[in-house]
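Asker: If it helps, the file is called final11.pdb and holds PDB, C-alpha atoms and all ligand atoms:
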ATOM      1  CA  MET A  21      83.763 128.094 109.711  1.00  0.00           C
ATOM      2  CA  SER A  22      85.964 125.216 108.556  1.00  0.00           C
ATOM      3  CA  GLU A  23      87.149 124.886 104.993  1.00  0.00           C
ATOM      4  CA  THR A  24      85.455 122.003 103.239  1.00  0.00           C
ATOM      5  CA  ASN A  25      85.420 120.530  99.782  1.00  0.00           C
ATOM      6  CA  THR A  26      88.932 121.686  99.034  1.00  0.00           C
ATOM      7  CA  ILE A  27      91.650 119.328  97.812  1.00  0.00           C
ATOM      8  CA  PHE A  28      95.232 119.517  98.974  1.00  0.00           C
ATOM      9  CA  SER A  29      98.282 117.371  98.238  1.00  0.00           C
ATOM     10  CA  ILE A  30     101.518 116.335  99.908  1.00  0.00           C
ATOM     11  CA  GLU A  31     104.848 115.615  98.275  1.00  0.00           C
ATOM     12  CA  VAL A  32     106.456 112.272  99.083  1.00  0.00           C
ATOM     13  CA  GLU A  33     110.090 111.392  98.460  1.00  0.00           C
ATOM     14  CA  ASP A  34     110.355 108.301  96.269  1.00  0.00           C
ATOM     15  CA  THR A  35     112.242 105.201  97.344  1.00  0.00           C
ATOM     16  CA  LYS A  36     113.815 102.338  95.440  1.00  0.00           C
ATOM     17  CA  ASN A  37     113.646 100.163  98.544  1.00  0.00           C
ATOM     18  CA  ARG A  38     111.085  97.415  98.865  1.00  0.00           C
ATOM     19  CA  CYS A  39     109.791  95.444 101.836  1.00  0.00           C
ATOM     20  CA  PRO A  40     110.614  91.789 100.973  1.00  0.00           C
ATOM     21  CA  ILE A  41     107.657  90.259 102.837  1.00  0.00           C
ATOM     22  CA  GLY A  42     105.370  93.026 101.562  1.00  0.00           C
ATOM     23  CA  GLU A  43     106.336  92.087  97.991  1.00  0.00           C
ATOM     24  CA  THR A  44     105.704  88.394  98.655  1.00  0.00           C
ATOM     25  CA  VAL A  45     102.340  88.957 100.323  1.00  0.00           C
ATOM     26  CA  GLY A  46     101.216  91.616  97.827  1.00  0.00           C
ATOM     27  CA  ASN A  47     102.029  89.411  94.831  1.00  0.00           C
ATOM     28  CA  ARG A  48     100.431  86.352  96.422  1.00  0.00           C
ATOM     29  CA  ASN A  49      97.234  88.183  97.349  1.00  0.00           C
ATOM     30  CA  MET A  50      97.030  89.725  93.882  1.00  0.00           C
ATOM     31  CA  ALA A  51      97.388  86.273  92.261  1.00  0.00           C
ATOM     32  CA  GLU A  52      94.736  84.813  94.589  1.00  0.00           C
ATOM     33  CA  GLY A  53      92.307  87.684  93.993  1.00  0.00           C
ATOM     34  CA  LYS A  54      92.084  88.554  97.668  1.00  0.00           C
ATOM     35  CA  ILE A  55      90.170  91.674  98.701  1.00  0.00           C
ATOM     36  CA  PRO A  56      92.424  94.124 100.572  1.00  0.00           C
ATOM     37  CA  VAL A  57      91.326  95.311 104.012  1.00  0.00           C
ATOM     38  CA  LEU A  58      92.719  98.602 105.280  1.00  0.00           C
ATOM     39  CA  SER A  59      92.170 100.679 108.386  1.00  0.00           C
ATOM     40  CA  CYS A  60      93.004 104.303 109.105  1.00  0.00           C
ATOM     41  CA  GLU A  61      95.677 103.126 111.607  1.00  0.00           C
ATOM     42  CA  GLY A  62      94.915 106.115 113.828  1.00  0.00           C
ATOM     43  CA  ALA A  63      96.866 106.298 117.097  1.00  0.00           C
ATOM     44  CA  CYS A  64      93.879 106.735 119.428  1.00  0.00           C
ATOM     45  CA  ILE A  65      91.379 104.197 120.724  1.00  0.00           C
ATOM     46  CA  ARG A  66      89.149 104.797 117.676  1.00  0.00           C
ATOM     47  CA  GLY A  67      92.023 104.010 115.331  1.00  0.00           C
ATOM     48  CA  GLU A  68      92.873 100.959 117.414  1.00  0.00           C
ATOM     49  CA  ILE A  69      89.330  99.596 117.262  1.00  0.00           C
ATOM     50  CA  ALA A  70      89.364 100.085 113.480  1.00  0.00           C
ATOM     51  CA  ARG A  71      92.758  98.378 113.236  1.00  0.00           C
ATOM     52  CA  LEU A  72      91.641  95.415 115.344  1.00  0.00           C
ATOM     53  CA  ALA A  73      88.467  95.086 113.283  1.00  0.00           C
ATOM     54  CA  ALA A  74      90.457  95.162 110.023  1.00  0.00           C
ATOM     55  CA  ASN A  75      92.768  92.454 111.363  1.00  0.00           C
ATOM     56  CA  MET A  76      89.798  90.249 112.260  1.00  0.00           C
ATOM     57  CA  ILE A  77      88.048  90.719 108.909  1.00  0.00           C
ATOM     58  CA  ALA A  78      91.288  89.916 107.109  1.00  0.00           C
ATOM     59  CA  LYS A  79      91.124  86.408 108.621  1.00  0.00           C
ATOM     60  CA  GLU A  80      87.906  85.709 106.707  1.00  0.00           C
ATOM     61  CA  LYS A  81      87.736  84.629 103.068  1.00  0.00           C
ATOM     62  CA  PRO A  82      88.216  86.312 100.555  1.00  0.00           C
ATOM     63  CA  PHE A  83      89.917  89.103 102.510  1.00  0.00           C
ATOM     64  CA  ALA A  84      93.526  89.843 103.437  1.00  0.00           C
ATOM     65  CA  ARG A  85      95.194  92.680 105.309  1.00  0.00           C
ATOM     66  CA  ALA A  86      96.838  95.382 103.213  1.00  0.00           C
ATOM     67  CA  CYS A  87      99.464  97.918 104.246  1.00  0.00           C
ATOM     68  CA  HIS A  88      98.405 101.549 103.956  1.00  0.00           C
ATOM     69  CA  GLY A  89     101.999 102.792 104.216  1.00  0.00           C
ATOM     70  CA  GLU A  90     103.100 101.004 101.088  1.00  0.00           C
ATOM     71  CA  LEU A  91      99.888 101.819  99.267  1.00  0.00           C
ATOM     72  CA  LEU A  92     100.357 105.522  99.894  1.00  0.00           C
ATOM     73  CA  SER A  93     104.109 105.940  99.740  1.00  0.00           C
ATOM     74  CA  VAL A  94     105.567 103.071  97.676  1.00  0.00           C
ATOM     75  CA  PRO A  95     103.327 103.215  94.608  1.00  0.00           C
ATOM     76  CA  ASP A  96     105.186 100.574  92.585  1.00  0.00           C
ATOM     77  CA  SER A  97     105.287  98.034  95.406  1.00  0.00           C
ATOM     78  CA  ALA A  98     103.387  94.756  95.031  1.00  0.00           C
ATOM     79  CA  MET A  99     101.260  95.763  98.022  1.00  0.00           C
ATOM     80  CA  ALA A 100     100.214  98.998  96.293  1.00  0.00           C
ATOM     81  CA  LYS A 101      99.631  97.272  92.940  1.00  0.00           C
ATOM     82  CA  TRP A 102      97.445  94.660  94.624  1.00  0.00           C
ATOM     83  CA  ALA A 103      95.308  97.294  96.367  1.00  0.00           C
ATOM     84  CA  LYS A 104      95.006  99.405  93.224  1.00  0.00           C
ATOM     85  CA  SER A 105      94.113  96.466  90.964  1.00  0.00           C
ATOM     86  CA  ALA A 106      91.687  94.694  93.334  1.00  0.00           C
ATOM     87  CA  LYS A 107      88.030  94.792  92.259  1.00  0.00           C
ATOM     88  CA  LYS A 108      87.025  96.074  95.723  1.00  0.00           C
ATOM     89  CA  VAL A 109      88.883  97.434  98.755  1.00  0.00           C
ATOM     90  CA  VAL A 110      87.432  97.368 102.259  1.00  0.00           C
ATOM     91  CA  LEU A 111      88.365 100.351 104.413  1.00  0.00           C
ATOM     92  CA  ILE A 112      87.536 100.801 108.079  1.00  0.00           C
ATOM     93  CA  ASP A 113      88.100 104.339 109.286  1.00  0.00           C
ATOM     94  CA  GLY A 114      88.148 104.894 113.030  1.00  0.00           C
ATOM     95  CA  CYS A 115      85.721 107.806 113.028  1.00  0.00           C
ATOM     96  CA  PHE A 116      83.743 110.333 111.066  1.00  0.00           C
ATOM     97  CA  LEU A 117      86.876 112.229 109.998  1.00  0.00           C
ATOM     98  CA  ARG A 118      87.433 109.440 107.441  1.00  0.00           C
ATOM     99  CA  CYS A 119      91.147 110.180 107.188  1.00  0.00           C
ATOM    100  CA  HIS A 120      91.807 107.276 104.846  1.00  0.00           C
ATOM    101  CA  GLY A 121      88.520 107.358 103.012  1.00  0.00           C
ATOM    102  CA  ARG A 122      89.178 110.904 101.861  1.00  0.00           C
ATOM    103  CA  MET A 123      92.630 109.919 100.588  1.00  0.00           C
ATOM    104  CA  LEU A 124      91.773 106.584  99.032  1.00  0.00           C
ATOM    105  CA  GLU A 125      88.733 107.816  97.166  1.00  0.00           C
ATOM    106  CA  ASN A 126      91.130 109.792  95.021  1.00  0.00           C
ATOM    107  CA  LEU A 127      93.864 107.153  94.897  1.00  0.00           C
ATOM    108  CA  ILE A 128      91.932 104.009  94.059  1.00  0.00           C
ATOM    109  CA  GLY A 129      88.490 105.315  93.154  1.00  0.00           C
ATOM    110  CA  LYS A 130      85.323 105.881  95.145  1.00  0.00           C
ATOM    111  CA  GLU A 131      83.390 103.227  93.238  1.00  0.00           C
ATOM    112  CA  LYS A 132      85.501 100.321  94.407  1.00  0.00           C
ATOM    113  CA  LEU A 133      86.100 101.475  97.954  1.00  0.00           C
ATOM    114  CA  VAL A 134      83.717  99.919 100.503  1.00  0.00           C
ATOM    115  CA  GLN A 135      83.976 102.306 103.455  1.00  0.00           C
ATOM    116  CA  PHE A 136      82.991 102.001 107.087  1.00  0.00           C
ATOM    117  CA  ASP A 137      83.078 104.389 110.045  1.00  0.00           C
ATOM    118  CA  ALA A 138      83.789 102.120 113.033  1.00  0.00           C
ATOM    119  CA  LEU A 139      82.760 104.704 115.637  1.00  0.00           C
ATOM    120  CA  SER A 140      79.241 104.891 114.233  1.00  0.00           C
ATOM    121  CA  VAL A 141      78.813 101.205 115.129  1.00  0.00           C
ATOM    122  CA  TYR A 142      79.746 101.366 118.824  1.00  0.00           C
ATOM    123  CA  SER A 143      79.398 105.116 119.636  1.00  0.00           C
ATOM    124  CA  LYS A 144      81.535 105.417 122.766  1.00  0.00           C
ATOM    125  CA  TYR A 145      85.052 106.405 123.962  1.00  0.00           C
ATOM    126  CA  THR A 146      84.613 109.849 122.401  1.00  0.00           C
ATOM    127  CA  ASP A 147      86.415 111.470 125.361  1.00  0.00           C
ATOM    128  CA  VAL A 148      89.237 108.873 125.358  1.00  0.00           C
ATOM    129  CA  PHE A 149      92.468 109.094 123.384  1.00  0.00           C
ATOM    130  CA  ASP A 150      94.898 106.529 124.814  1.00  0.00           C
ATOM    131  CA  ILE A 151      94.372 102.940 123.735  1.00  0.00           C
ATOM    132  CA  ASP A 152      95.332 101.644 127.184  1.00  0.00           C
ATOM    133  CA  ASP A 153      92.496 103.574 128.823  1.00  0.00           C
ATOM    134  CA  VAL A 154      90.158 100.862 127.545  1.00  0.00           C
ATOM    135  CA  PRO A 155      90.881  97.330 128.833  1.00  0.00           C
ATOM    136  CA  GLU A 156      92.109  94.897 126.176  1.00  0.00           C
ATOM    137  CA  LYS A 157      89.137  92.560 126.537  1.00  0.00           C
ATOM    138  CA  GLU A 158      86.733  95.453 125.962  1.00  0.00           C
ATOM    139  CA  ARG A 159      88.736  96.665 122.961  1.00  0.00           C
ATOM    140  CA  ILE A 160      88.460  93.243 121.378  1.00  0.00           C
ATOM    141  CA  GLU A 161      84.730  92.967 122.132  1.00  0.00           C
ATOM    142  CA  THR A 162      84.105  96.398 120.626  1.00  0.00           C
ATOM    143  CA  ALA A 163      86.140  95.537 117.536  1.00  0.00           C
ATOM    144  CA  ARG A 164      84.115  92.325 117.194  1.00  0.00           C
ATOM    145  CA  GLN A 165      80.953  94.449 117.204  1.00  0.00           C
ATOM    146  CA  VAL A 166      82.389  96.447 114.296  1.00  0.00           C
ATOM    147  CA  VAL A 167      83.402  93.266 112.469  1.00  0.00           C
ATOM    148  CA  ASP A 168      79.885  91.816 112.756  1.00  0.00           C
ATOM    149  CA  SER A 169      78.397  95.021 111.360  1.00  0.00           C
ATOM    150  CA  VAL A 170      80.911  95.193 108.495  1.00  0.00           C
ATOM    151  CA  LEU A 171      80.571  91.525 107.535  1.00  0.00           C
ATOM    152  CA  THR A 172      76.770  91.772 107.554  1.00  0.00           C
ATOM    153  CA  ARG A 173      76.920  94.720 105.189  1.00  0.00           C
ATOM    154  CA  LEU A 174      79.464  92.993 102.953  1.00  0.00           C
ATOM    155  CA  LYS A 175      77.318  89.844 102.805  1.00  0.00           C
ATOM    156  CA  ASP A 176      74.305  92.010 101.962  1.00  0.00           C
ATOM    157  CA  GLY A 177      75.947  92.988  98.697  1.00  0.00           C
ATOM    158  CA  ASP A 178      78.457  95.760  99.219  1.00  0.00           C
ATOM    159  CA  LEU A 179      81.123  93.655  97.509  1.00  0.00           C
ATOM    160  CA  GLN A 180      79.124  93.374  94.249  1.00  0.00           C
TER
HETATM  161  S1  LIG B   1      89.637 108.434 110.956  1.00  0.00           S
HETATM  162 FE1  LIG B   1      89.497 109.100 113.101  1.00  0.00          FE
HETATM  163  S2  LIG B   1      90.567 107.510 114.240  1.00  0.00           S
HETATM  164 FE2  LIG B   1      91.201 107.294 112.128  1.00  0.00          FE
HETATM  165  S3  LIG B   1      93.099 108.505 111.915  1.00  0.00           S
HETATM  166 FE3  LIG B   1      91.368 109.822 111.372  1.00  0.00          FE
HETATM  167  S4  LIG B   1      90.880 110.897 113.259  1.00  0.00           S
HETATM  168 FE4  LIG B   1      92.081 109.111 113.822  1.00  0.00          FE
END
Just give me the structure as structure tokens.
Answerer:
Amino acid sequence: MSETNTIFSIEVEDTKNRCPIGETVGNRNMAEGKIPVLSCEGACIRGEIARLAANMIAKEKPFARACHGELLSVPDSAMAKWAKSAKKVVLIDGCFLRCHGRMLENLIGKEKLVQFDALSVYSKYTDVFDIDDVPEKERIETARQVVDSVLTRLKDGDLQ
């Protein structure tokens, strides 16, 4: 039986470095009140579909793509401050494991996180790991399916 409902933590070495373009984009998006869009960035096809979907949604108003690396490991960066101060954050996890959802609920708060499980929308590729095992055109079409589902739900009020 797997362990569930336990909380664990990791230690992260701090850095004084900053990503110059990350600072520019984070500050600009914060000033413009953009809604951050994150994906789990998983390495498999499910993570890739989620990443592609997040990139597409970020092209729509009032959204913009946020960087999960800075959010999680550079807490004083503009990118992290933007994500933590935004009124809502859209998160697309690649599958039911919800790797980012489980982290971000504790980091930025469950109430302002609007979460999606991309796999539940298209329900295939469960025996595939490598991104390249699915042709690019099909990857994009599948991601578009996820985007349509996410945008419909967001328009139906999940951003309120
Ligand atoms: S949510 Fe699924 S696809 Fe994303 S990183 Fe976790 S296991 Fe991979």
Asker: Please compute the CA of Gly121 (chain A)-CA of Pro40 (chain A) distance, one decimal, in Å.
Answerer: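 That distance, rounded to one decimal, is 27.1 Å.
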Asker: Quick one, how far is CA of Ser140 (chain A) from CA of Asp152 (chain A)?
Answerer: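 Computing the Euclidean distance for CA of Ser140 (chain A) and CA of Asp152 (chain A) yields 20.9 Å.
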Asker: Rounded to one decimal in Å, what is the spacing between CA of Thr146 (chain A) and CA of Cys64 (chain A)?
Answerer: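 According to the coordinates, CA of Thr146 (chain A) and CA of Cys64 (chain A) are separated by 10.2 Å.
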Asker: So which residues fall inside 9 Å of (99.1, 104.0, 106.9) if we count all atoms listed in the file? Mind giving them as a list of chain:residue names?
Answerer: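 I get A:Leu58, A:Ser59, A:Cys60, A:Glu61, A:Gly62, A:Cys87, A:His88, A:Gly89, A:Glu90, A:Leu91, A:Leu92, A:Ser93, A:His120 for the residues within 9 Å of that point.
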Asker: Please work out which residues fall within 7 Å of (83.1, 92.5, 95.9), coordinates as given in the file, with only C-alpha atoms counting, and return them as a VMD selection string.
Answerer: chain A and resid 107 to 108 178 to 180
Asker: Measuring atom to atom with all atoms listed in the file, identify which of A:Thr26, A:Asp113, A:Arg173, A:Val167 is nearest to Lys79 (chain A).
Answerer: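 Nearest to Lys79 (chain A): A:Val167.
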Asker: Do a neighbour search on Val45 (chain A) at 12 Å with only C-alpha atoms, toss out local chain neighbours closer than 2 positions, and write the hits as a count of residues only.
Answerer: 25
Asker: Return as JSON, numbers by chain the residues of protein, DNA or RNA that approach ligand LIG 1 (chain B) to within 12 Å, with only C-alpha atoms and all ligand atoms taken into account.
Answerer: {"A": [58, 59, 60, 61, 62, 63, 64, 65, 66, 67, 68, 69, 70, 71, 88, 111, 112, 113, 114, 115, 116, 117, 118, 119, 120, 121, 122, 123, 135, 136, 137, 138, 139, 140, 145, 146, 148, 149, 150, 151]}
Asker: Mind telling me what the PyMOL selection byres (((chain A and resi 35) around 10) and not hetatm) catches here, as a PyMOL selection string?
Answerer: chain A and resi 32-34+36-38+93-96
Asker: Considering all atoms listed in the file, state which residue in the set A:Ile55, A:Ile27, A:Leu124, A:Val134 is at the smallest distance from Val170 (chain A).
Answerer: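 When distances to Val170 (chain A) are compared using all atoms listed in the file, the smallest one comes from A:Val134.
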Asker: Please define a box with edges along x, y and z of the file around all atoms of region 145-164 of chain A given in the file, extend it by 5 Å on each side, and return its centre and edge lengths in Å to one decimal, as AutoDock Vina command-line options.
Answerer:
--center_x 89.7 --center_y 101.9 --center_z 123.0 --size_x 21.2 --size_y 29.1 --size_z 21.6
Asker: Between A:Lys81, A:Lys130, A:Lys104, A:Lys144, which is the closest to Glu158 (chain A) once you count all atoms listed in the file?
Answerer: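 Closest to Glu158 (chain A) of all the choices is A:Lys144.
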